[in-house]
Amino acid sequence: MSIQSLAHVCIKTKDLAATADFYCNALGMSKRFNFLRKGTVIGFYLQAANTTFIEVFHADEVEPVGKQVLSHFCLQSDSLESLRKRLIDRGHAPGAITMGADHTLQFWMKDPNGLNVEFQEYSDRSTQLTGEDVEVNW
């Protein structure tokens, strides 16, 4: 028995429509299915690729990102430049693309709920692929 992959992360939102718009329309993910309670949509499952998902549930209140255990999650892209342009074209404000200490291109932004989301594009030197240790300067 072994772990095969991260199946999903779960986020809460006060605005299901804005969250669906961001992840589906701005990022290109697809809604896999809804969660219903007495016929009312209370959440949904978003598919990034293959069996990588984000689970979303409506909440009356959400606590701003602070000292929670989950600091952020990261989505991999095959073209950060295209993704960043798409986000800007849709009115979002992604950060600049930088090279991380792990030799992986990245940019950051907040989703509509204030959650930090990192985006990465692997290179041949990315330590996620090479397994080398990373010396950080932060």
# chains A, B, ... in the order shown; residues from 1 in each chain; ligands from 1
call {"tool": "residues_around", "arguments": {"residues": "Val117 (chain A)", "least_positions_apart": "3", "cutoff": "10 Å", "atoms": "only C-alpha atoms", "output": "ChimeraX atom specification"}}
result
/A:71-75,94,107-111,114
call {"tool": "residues_around", "arguments": {"residues": "Asp60 (chain A)", "least_positions_apart": "3", "cutoff": "10 Å", "atoms": "only C-alpha atoms", "output": "count of residues only"}}
result
4
call {"tool": "select_by_dssp", "arguments": {"residues": "chain A", "states": "alpha helix (DSSP H)", "output": "count of residues only"}}
result
19
call {"tool": "closest_residue", "arguments": {"among": "A:Ala17, A:Val136, A:Leu87, A:Leu80", "to": "Phe57 (chain A)", "atoms": "only C-alpha atoms"}}
result
A:Ala17
call {"tool": "residues_around", "arguments": {"residues": "region 31-35 of chain A", "least_positions_apart": "6", "cutoff": "7 Å", "atoms": "only C-alpha atoms", "output": "PyMOL selection string"}}
result
chain A and resi 24+41-47
call {"tool": "write_last_selection", "arguments": {"atoms": "C-alpha atoms", "output": "PDB file, in the first residue's frame"}}
result
ATOM      1  CA  CYS A  24     -13.188  27.379 -14.160  1.00  0.00           C
ATOM      2  CA  VAL A  41     -25.890  23.472  -4.551  1.00  0.00           C
ATOM      3  CA  ILE A  42     -23.696  23.827  -1.455  1.00  0.00           C
ATOM      4  CA  GLY A  43     -20.379  23.059  -3.136  1.00  0.00           C
ATOM      5  CA  PHE A  44     -18.631  21.422  -6.038  1.00  0.00           C
ATOM      6  CA  TYR A  45     -15.629  19.416  -7.145  1.00  0.00           C
ATOM      7  CA  LEU A  46     -13.216  21.028  -9.611  1.00  0.00           C
ATOM      8  CA  GLN A  47     -10.856  19.013 -11.779  1.00  0.00           C
TER       9      GLN A  47
END
call {"tool": "atom_distance", "arguments": {"atom1": "CA of His8 (chain A)", "atom2": "CA of Ile54 (chain A)"}}
result
5.1 Å
call {"tool": "closest_residue", "arguments": {"among": "A:Glu55, A:Glu121, A:Glu61, A:Asp78", "to": "Ile97 (chain A)", "atoms": "only C-alpha atoms"}}
result
A:Glu121
call {"tool": "select_by_dssp", "arguments": {"residues": "chain A", "states": "strand (DSSP E or B)", "output": "ChimeraX atom specification"}}
result
/A:8-13,30-37,40-49,52-58,73-76,98-99,105-110,116-121
